[in-house]
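S.K.: What follows is a single structure, and I will ask about it in a moment.
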Amino acid sequence: MRDLFRGKLVRLTFEEPEARAKAEVRWQRDTEFHRLADSDPAQMVSEKKLKEWFEKQSEIGFKPERYPFSVRTLADDRHIAFFALWLDLIHSEAWVGIGIGEREFWGKGYGTDMMKLGLQYAFTELNVQRVSLGLHEYNPRALRSYEKAGFRMEGRTRQDLMREGKHYDSLWMGILREEWIQMQGGDLNE
Amino acid sequence: MFDIQTQLFEGRDIRFGPIDYEKDPEIESKWTHDSAFIRMYEINPARPLSAAIVKKQYEKLEKQVEEDKNLYHFMIRAKEDDRLIGKAVIQWVEWTNGNAWVHLGIGSADDQRKGYGSQALSMLVRFAFAELNLFRLSARVPEYNEPAIALFNKFGFVEEVRRRQALDRDGRRWDLIVFGLLNSEWQNQAKPVLSAVEG
């Protein structure tokens, strides 16, 4: 059997709301991080409010629709990122949200490693038919990482983002179950 | 002077109106019992709803309109007798990015294929671009909804994304298409489309 939660560089964990809130307070100060990860305006939320959100999320954390994880490095057990899956059971699809808050871990393969774990979880544990994500065209590092993990480009919604007075596209990517199985050598039982 | 005299909510055969809590729940309840319609209108599972539940949904919706400020909801009514024939919605408005999603449907089979959808989309797009001042509009259409695809193509929406096999219906998988239209594109072609509707 595969280890669902342990990759080459990182492992998927569940962190307490307090730890997540503390990390988020640190990460939200980095507006480059925010603007890479989100299309909403950057804003500051208190640790108290964040903790309440994460507590609420933890309560419903094991409802079928939502699977939030935190990510720790294997080398020194640092909490560096969040990883979440939103599951559409009806159409057997999962959406990915991912963000590495600790910026010294950008561009070093950590994101790809957690995405591979996420895809394995989605296809072998949630058993979905496809996994989807969206990203901004001004995030080429993410694009390369997602392509490495096996996502294919499915289109771009033109100029649906505005940053610093300029319009940018959103990119839409997806990977089908067959495509992922093929990447594993065509056999899930190997 | 801008086109202040052309009413935003009046078309040739239809008008946009608010919810009528007395009459509409009964009619929309009927639509929810028509699985052919619901499967074209929604990607959520079709399920029949009572008039009382539909009424509760209206209340929830109006609360959402008031609180979230990112949703505009219209009932489509026939001008001749004011009967409810459909719904037209601008939703998920992202004000800082100038983007939103359109969604519309003509509920009863008797009212379909009469150009009402075309008139409603024309009004909805004008509302989004000329009243909300949005920069672009998106629309999500399953690949099996051919009338909707034809309608969005007619209005110059561009097929931008094809989410492969994103839907499961009748034991097979279908693509989900995302269309997009920019305000600038609408400005350039608004007149021919409008006159086609009027004609």
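Residues are referred to by chain and number: the chain letter is A, B, ... according to the order shown in the structure tokens, the number counts from 1 in that chain, and ligands are numbered separately from 1 in the order shown.
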Distance limit 6 Å, atoms considered: only C-alpha atoms. Which chain A residues sit that close to chain B? Return them as a list of chain:residue names.

M.R.: A:His91, A:Glu154, A:Gly155, A:Arg156, A:Thr157, A:Asp160, A:Leu161, A:Met162

S.K.: Enumerate, as a VMD selection string, the complete set of residues in range 57-136 of chain A that a backbone-based DSSP assignment places in strand (DSSP E or B).

M.R.: chain A and resid 66 to 73 79 to 88 93 to 100 130 to 136

S.K.: Kindly indicate which residue among B:Val93, B:Val54, B:Val125, B:Ile106 lies nearest to Tyr21 in chain B, using only C-alpha atoms for the distances.

M.R.: B:Val54

S.K.: Neighbours of range 111-113 of chain A within 10 Å (only C-alpha atoms; same-chain residues fewer than 5 positions away dropped), as an NGL selection string?

M.R.: :A and (6-11 or 71 or 81 or 83 or 98-100 or 105-106 or 118 or 141-142 or 144-150)

S.K.: Among the residues of range 19-158 of chain A, find those DSSP assigns to helix (DSSP H, G or I) from the backbone and print them as a PyMOL selection string.

M.R.: chain A and resi 19-27+31-37+47-59+103-105+110-124+140-149

S.K.: Near Lys23 in chain B, counting only C-alpha atoms, which residues have an atom at most 10 Å away, once you skip same-chain residues fewer than 3 positions from it, shown as a PDB file with N, CA, C and O atoms, in the first residue's frame?

M.R.:
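Dumped everything to out.pdb:
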```
ATOM      1  N   ILE B  19     -39.216  39.196  -7.474  1.00  0.00           N
ATOM      2  CA  ILE B  19     -39.952  37.993  -7.089  1.00  0.00           C
ATOM      3  C   ILE B  19     -41.362  38.365  -6.650  1.00  0.00           C
ATOM      4  O   ILE B  19     -41.555  39.349  -5.944  1.00  0.00           O
ATOM      5  N   ASP B  20     -42.340  37.587  -7.089  1.00  0.00           N
ATOM      6  CA  ASP B  20     -43.708  37.715  -6.584  1.00  0.00           C
ATOM      7  C   ASP B  20     -43.953  36.530  -5.639  1.00  0.00           C
ATOM      8  O   ASP B  20     -44.123  35.393  -6.097  1.00  0.00           O
ATOM      9  N   GLU B  26     -45.308  28.651  -6.801  1.00  0.00           N
ATOM     10  CA  GLU B  26     -46.085  27.592  -7.429  1.00  0.00           C
ATOM     11  C   GLU B  26     -45.505  27.229  -8.807  1.00  0.00           C
ATOM     12  O   GLU B  26     -45.328  26.059  -9.147  1.00  0.00           O
ATOM     13  N   ILE B  27     -45.198  28.282  -9.575  1.00  0.00           N
ATOM     14  CA  ILE B  27     -44.705  28.065 -10.945  1.00  0.00           C
ATOM     15  C   ILE B  27     -43.299  27.463 -10.928  1.00  0.00           C
ATOM     16  O   ILE B  27     -43.015  26.493 -11.630  1.00  0.00           O
ATOM     17  N   GLU B  28     -42.437  28.022 -10.071  1.00  0.00           N
ATOM     18  CA  GLU B  28     -41.071  27.491 -10.055  1.00  0.00           C
ATOM     19  C   GLU B  28     -41.051  26.061  -9.513  1.00  0.00           C
ATOM     20  O   GLU B  28     -40.234  25.237  -9.933  1.00  0.00           O
ATOM     21  N   ALA B  51     -43.717  24.267  -3.397  1.00  0.00           N
ATOM     22  CA  ALA B  51     -43.830  25.725  -3.465  1.00  0.00           C
ATOM     23  C   ALA B  51     -43.316  26.360  -2.175  1.00  0.00           C
ATOM     24  O   ALA B  51     -42.672  27.414  -2.202  1.00  0.00           O
ATOM     25  N   LYS B  55     -40.315  29.096  -1.867  1.00  0.00           N
ATOM     26  CA  LYS B  55     -40.517  30.379  -1.197  1.00  0.00           C
ATOM     27  C   LYS B  55     -39.389  30.646  -0.198  1.00  0.00           C
ATOM     28  O   LYS B  55     -38.853  31.747  -0.124  1.00  0.00           O
ATOM     29  N   ARG B  83     -46.890  36.862 -16.872  1.00  0.00           N
ATOM     30  CA  ARG B  83     -46.612  35.549 -16.282  1.00  0.00           C
ATOM     31  C   ARG B  83     -45.101  35.322 -16.160  1.00  0.00           C
ATOM     32  O   ARG B  83     -44.318  35.849 -16.957  1.00  0.00           O
ATOM     33  N   LEU B  84     -44.704  34.522 -15.165  1.00  0.00           N
ATOM     34  CA  LEU B  84     -43.297  34.190 -14.960  1.00  0.00           C
ATOM     35  C   LEU B  84     -42.860  33.209 -16.041  1.00  0.00           C
ATOM     36  O   LEU B  84     -43.479  32.155 -16.221  1.00  0.00           O
TER      37      LEU B  84
END
```

S.K.: Rounded to one decimal place, report the CA of Tyr121 in chain A-CA of Arg35 in chain A distance in Å.

M.R.: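 Computing the Euclidean distance for CA of Tyr121 in chain A and CA of Arg35 in chain A yields 26.9 Å.
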
S.K.: Using only C-alpha atoms for the distances, tell me which of A:Glu65, A:Asp30, A:Glu164, A:Glu24 is nearest to Lys49 in chain A.

M.R.: A:Glu24

S.K.: Calculate how many Å separate CA of Trp172 in chain A from CA of Arg140 in chain B, rounding to one decimal.

M.R.: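 Those two atoms sit 13.2 Å apart.
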
S.K.: Between CA of Leu124 in chain B and CA of Tyr58 in chain B, what is the spacing in Å?

M.R.: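 Pair CA of Tyr58 in chain B / CA of Leu124 in chain B returns 19.7 Å.
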